[in-house]
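Asker: model-v8.cif is reproduced below (mmCIF, C-alpha atoms).
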```
data_entry
#
loop_
_atom_site.label_atom_id
_atom_site.label_comp_id
_atom_site.auth_asym_id
_atom_site.auth_seq_id
_atom_site.Cartn_x
_atom_site.Cartn_y
_atom_site.Cartn_z
CA MET Q 1 -12.57 21.55 45.02
CA PRO Q 2 -10.31 18.68 46.08
CA VAL Q 3 -10.32 17.65 49.71
CA ARG Q 4 -7.02 18.41 51.39
CA TYR Q 5 -5.46 15.87 53.71
CA VAL Q 6 -5.58 17.18 57.26
CA ARG Q 7 -2.53 16.57 59.37
CA HIS Q 8 -3.42 15.15 62.74
CA PRO Q 9 -1.43 15.98 65.90
CA SER Q 10 -0.54 12.29 66.15
CA ASP Q 11 1.31 12.60 62.82
CA GLY Q 12 4.19 14.24 64.68
CA ASP Q 13 3.94 17.53 62.80
CA ARG Q 14 2.75 20.62 64.54
CA PRO Q 15 -0.51 21.53 62.80
CA ASP Q 16 -0.95 25.07 61.53
CA MET Q 17 -4.08 27.12 62.22
CA ALA Q 18 -5.85 25.89 59.07
CA ASP Q 19 -5.25 22.28 60.09
CA THR Q 20 -6.53 22.99 63.59
CA VAL Q 21 -9.72 24.50 62.16
CA HIS Q 22 -10.15 21.58 59.73
CA LEU Q 23 -9.64 19.12 62.55
CA ALA Q 24 -12.27 20.91 64.69
CA VAL Q 25 -14.73 20.90 61.78
CA LEU Q 26 -14.12 17.19 61.17
CA LYS Q 27 -14.68 16.40 64.85
CA LEU Q 28 -17.91 18.41 64.76
CA LEU Q 29 -19.01 16.54 61.62
CA ASP Q 30 -18.24 13.23 63.36
CA VAL Q 31 -20.55 14.18 66.24
CA LEU Q 32 -23.25 15.45 63.87
CA PHE Q 33 -23.10 12.22 61.85
CA HIS Q 34 -23.49 10.21 65.08
CA LEU Q 35 -26.56 12.27 65.98
CA ALA Q 36 -27.99 11.89 62.47
CA HIS Q 37 -27.40 8.13 62.49
CA ILE Q 38 -29.04 7.71 65.89
CA ALA Q 39 -31.98 9.89 64.86
CA VAL Q 40 -32.47 7.84 61.67
CA ILE Q 41 -32.26 4.55 63.56
CA LEU Q 42 -34.71 5.66 66.25
CA PHE Q 43 -37.18 7.18 63.80
CA SER Q 44 -36.93 4.12 61.54
CA ALA Q 45 -37.69 1.83 64.48
CA LEU Q 46 -40.27 3.97 66.29
CA GLY Q 47 -41.68 6.53 63.85
CA TRP Q 48 -44.59 4.31 62.88
CA LEU Q 49 -45.99 4.52 66.44
CA TYR Q 50 -47.02 8.19 66.13
CA PRO Q 51 -49.81 8.46 63.51
CA PRO Q 52 -48.99 12.00 62.28
CA ALA Q 53 -45.37 10.89 61.68
CA ARG Q 54 -46.24 7.86 59.54
CA PRO Q 55 -45.97 9.60 56.16
CA ALA Q 56 -42.50 10.89 57.10
CA HIS Q 57 -41.64 7.43 58.46
CA LEU Q 58 -42.62 5.79 55.19
CA CYS Q 59 -40.54 8.34 53.26
CA LEU Q 60 -37.51 7.56 55.44
CA GLN Q 61 -38.04 3.83 54.97
CA GLY Q 62 -38.23 4.41 51.21
CA LEU Q 63 -34.94 6.34 51.29
CA ILE Q 64 -33.31 3.55 53.26
CA LEU Q 65 -34.59 0.95 50.79
CA PHE Q 66 -33.31 3.07 47.90
CA SER Q 67 -29.91 3.36 49.54
CA TRP Q 68 -29.71 -0.34 50.40
CA PHE Q 69 -30.93 -1.75 47.11
CA GLY Q 70 -30.87 1.11 44.58
CA LEU Q 71 -27.46 2.60 45.31
CA GLY Q 72 -26.46 -0.85 46.51
CA ILE Q 73 -26.42 -2.12 42.92
CA LYS Q 74 -23.21 -0.15 42.36
CA LYS Q 75 -21.85 0.18 45.89
CA GLY Q 76 -22.77 -3.19 47.38
CA TRP Q 77 -26.07 -4.39 48.79
CA THR Q 78 -27.18 -2.58 51.93
CA TYR Q 79 -24.98 0.41 51.09
CA CYS Q 80 -25.78 3.41 53.30
CA PHE Q 81 -24.76 6.81 51.98
CA LEU Q 82 -24.89 8.30 55.50
CA THR Q 83 -22.48 5.67 56.80
CA ASP Q 84 -20.22 6.18 53.79
CA LEU Q 85 -19.96 9.93 54.46
CA HIS Q 86 -19.47 9.34 58.19
CA TRP Q 87 -16.69 6.81 57.64
CA ARG Q 88 -14.92 9.27 55.30
CA VAL Q 89 -14.84 11.78 58.14
CA LYS Q 90 -13.51 9.10 60.52
CA ARG Q 91 -10.73 8.26 58.04
CA PHE Q 92 -9.72 11.93 57.86
CA LEU Q 93 -9.60 11.88 61.67
CA HIS Q 94 -7.29 8.82 61.55
CA GLN Q 95 -9.76 6.74 63.55
CA PRO Q 96 -9.66 2.95 63.24
CA ASP Q 97 -11.69 1.40 60.42
CA PRO Q 98 -15.19 0.96 61.86
CA GLY Q 99 -16.28 -1.74 59.39
CA ASP Q 100 -19.22 -1.72 57.00
CA SER Q 101 -22.19 -1.15 59.31
CA TYR Q 102 -22.92 1.77 61.60
CA VAL Q 103 -25.43 -0.32 63.55
CA LYS Q 104 -22.79 -3.03 64.15
CA TRP Q 105 -20.20 -0.44 65.14
CA LEU Q 106 -22.64 1.29 67.53
CA VAL Q 107 -23.81 -1.93 69.18
CA ASP Q 108 -20.18 -3.08 69.56
CA GLN Q 109 -19.33 0.27 71.21
CA ILE Q 110 -22.29 0.06 73.59
CA ALA Q 111 -21.72 -3.62 74.43
CA GLY Q 112 -17.97 -3.16 74.81
CA ARG Q 113 -17.35 -6.29 72.75
CA GLU Q 114 -17.85 -7.76 69.29
CA VAL Q 115 -21.50 -8.67 68.74
CA ASP Q 116 -22.49 -11.46 66.34
CA GLU Q 117 -22.78 -9.71 62.98
CA GLU Q 118 -25.23 -12.17 61.43
CA LEU Q 119 -27.59 -12.02 64.41
CA LEU Q 120 -27.44 -8.23 64.44
CA TRP Q 121 -28.06 -8.07 60.69
CA LYS Q 122 -31.11 -10.33 61.00
CA ALA Q 123 -32.46 -8.18 63.83
CA THR Q 124 -31.87 -4.95 61.88
CA VAL Q 125 -33.57 -6.25 58.74
CA GLY Q 126 -36.40 -7.79 60.77
CA VAL Q 127 -37.12 -4.56 62.63
CA PHE Q 128 -36.82 -2.52 59.44
CA PHE Q 129 -39.28 -4.57 57.38
CA THR Q 130 -41.67 -5.14 60.30
CA THR Q 131 -41.90 -1.43 61.06
CA THR Q 132 -42.22 -0.55 57.37
CA ILE Q 133 -45.09 -2.99 56.87
CA LEU Q 134 -46.81 -1.89 60.09
CA SER Q 135 -46.47 1.76 59.16
CA ALA Q 136 -47.82 1.18 55.65
CA LEU Q 137 -50.77 -0.91 56.88
CA LEU Q 138 -51.69 1.54 59.63
CA GLU Q 139 -51.37 4.53 57.30
CA TRP Q 140 -53.48 2.77 54.67
CA ARG Q 141 -56.12 1.81 57.26
CA SER Q 142 -56.29 5.38 58.60
CA ARG Q 143 -57.11 6.65 55.10
CA LEU Q 144 -60.10 4.32 54.62
#
```
Go through the file and emit its structure as structure tokens.
Answerer:
Amino acid sequence: MPVRYVRHPSDGDRPDMADTVHLAVLKLLDVLFHLAHIAVILFSALGWLYPPARPAHLCLQGLILFSWFGLGIKKGWTYCFLTDLHWRVKRFLHQPDPGDSYVKWLVDQIAGREVDEELLWKATVGVFFTTTILSALLEWRSRL
């Protein structure tokens, strides 16, 4: 089923009831995607600390690696399917283009200014691979 363009009140047209419902659903999806992103980021960074969560943490890290480098072959390295879906919702809501990275966008929003993208990328990759290696080593050691 094709996605229908949703008129936004800022378009100057008075939206009908269907557009109002679509707009409410899109706003809800935007909030849910923010919550999902934050949950993924926090669990990716901290999930390795709780031993019973390590298998789930390693699965999440594997999904992230698959998205970044597996899907990234076609979509561009470090492609994130969650960010892609979230940005589609933002475009339907006529929100400004947030860029390529949810982490960059979030840190910019929190800081209230543009943060150095290269520094942020290095920190993100560093935390990701450090926590993945720690989680794998600790999980492996606990099984000995």
Asker: Taking the file as I've supplied it (selection: the PyMOL selection byres ((chain Q and resi 43) around 12)), which residues are included? Please answer as a ChimeraX atom specification.
Answerer: /Q:35-42,44-50,53-61,64,127-128,131-132,135
Asker: What do you get, as a count of residues only, if you spell out every residue that the PyMOL selection byres ((chain Q and resi 85-87) around 12) selects here?
Answerer: 34
Asker: Work out how far CA of Phe129 (chain Q) is from CA of Leu71 (chain Q), in Å to one decimal.
Answerer: 18.4 Å
Asker: Box for region 94-112 of chain Q: with edges along x, y and z, all listed atoms inside and 5 Å added on each side, what are the centre and edge lengths in Å to one decimal, as AutoDock Vina command-line options?
Answerer:
```
--center_x -16.4 --center_y 2.6 --center_z 65.9 --size_x 28.1 --size_y 22.4 --size_z 27.8
```
Asker: List, as a PyMOL selection string, every residue that the PyMOL selection byres ((chain Q and resi 104) around 12) selects in the file provided.
Answerer: chain Q and resi 83+98-103+105-124
Asker: Hey, can you spit out that residue selection with C-alpha atoms as a PDB file, in the coordinates of the input?
Answerer:
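The new file result09.pdb reads:
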```
ATOM      1  CA  THR Q  83     -22.480   5.670  56.800  1.00  0.00           C
ATOM      2  CA  PRO Q  98     -15.190   0.960  61.860  1.00  0.00           C
ATOM      3  CA  GLY Q  99     -16.280  -1.740  59.390  1.00  0.00           C
ATOM      4  CA  ASP Q 100     -19.220  -1.720  57.000  1.00  0.00           C
ATOM      5  CA  SER Q 101     -22.190  -1.150  59.310  1.00  0.00           C
ATOM      6  CA  TYR Q 102     -22.920   1.770  61.600  1.00  0.00           C
ATOM      7  CA  VAL Q 103     -25.430  -0.320  63.550  1.00  0.00           C
ATOM      8  CA  TRP Q 105     -20.200  -0.440  65.140  1.00  0.00           C
ATOM      9  CA  LEU Q 106     -22.640   1.290  67.530  1.00  0.00           C
ATOM     10  CA  VAL Q 107     -23.810  -1.930  69.180  1.00  0.00           C
ATOM     11  CA  ASP Q 108     -20.180  -3.080  69.560  1.00  0.00           C
ATOM     12  CA  GLN Q 109     -19.330   0.270  71.210  1.00  0.00           C
ATOM     13  CA  ILE Q 110     -22.290   0.060  73.590  1.00  0.00           C
ATOM     14  CA  ALA Q 111     -21.720  -3.620  74.430  1.00  0.00           C
ATOM     15  CA  GLY Q 112     -17.970  -3.160  74.810  1.00  0.00           C
ATOM     16  CA  ARG Q 113     -17.350  -6.290  72.750  1.00  0.00           C
ATOM     17  CA  GLU Q 114     -17.850  -7.760  69.290  1.00  0.00           C
ATOM     18  CA  VAL Q 115     -21.500  -8.670  68.740  1.00  0.00           C
ATOM     19  CA  ASP Q 116     -22.490 -11.460  66.340  1.00  0.00           C
ATOM     20  CA  GLU Q 117     -22.780  -9.710  62.980  1.00  0.00           C
ATOM     21  CA  GLU Q 118     -25.230 -12.170  61.430  1.00  0.00           C
ATOM     22  CA  LEU Q 119     -27.590 -12.020  64.410  1.00  0.00           C
ATOM     23  CA  LEU Q 120     -27.440  -8.230  64.440  1.00  0.00           C
ATOM     24  CA  TRP Q 121     -28.060  -8.070  60.690  1.00  0.00           C
ATOM     25  CA  LYS Q 122     -31.110 -10.330  61.000  1.00  0.00           C
ATOM     26  CA  ALA Q 123     -32.460  -8.180  63.830  1.00  0.00           C
ATOM     27  CA  THR Q 124     -31.870  -4.950  61.880  1.00  0.00           C
TER      28      THR Q 124
END
```
Asker: Can you work out the spacing between CA of Leu63 (chain Q) and CA of Trp77 (chain Q) in Å, to one decimal?
Answerer: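 One can read the CA of Leu63 (chain Q) to CA of Trp77 (chain Q) distance as 14.1 Å.
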Asker: What is the CA of Gly126 (chain Q)-CA of Pro52 (chain Q) distance in Å, reported with one decimal?
Answerer: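 Interatomic distance here is 23.5 Å.
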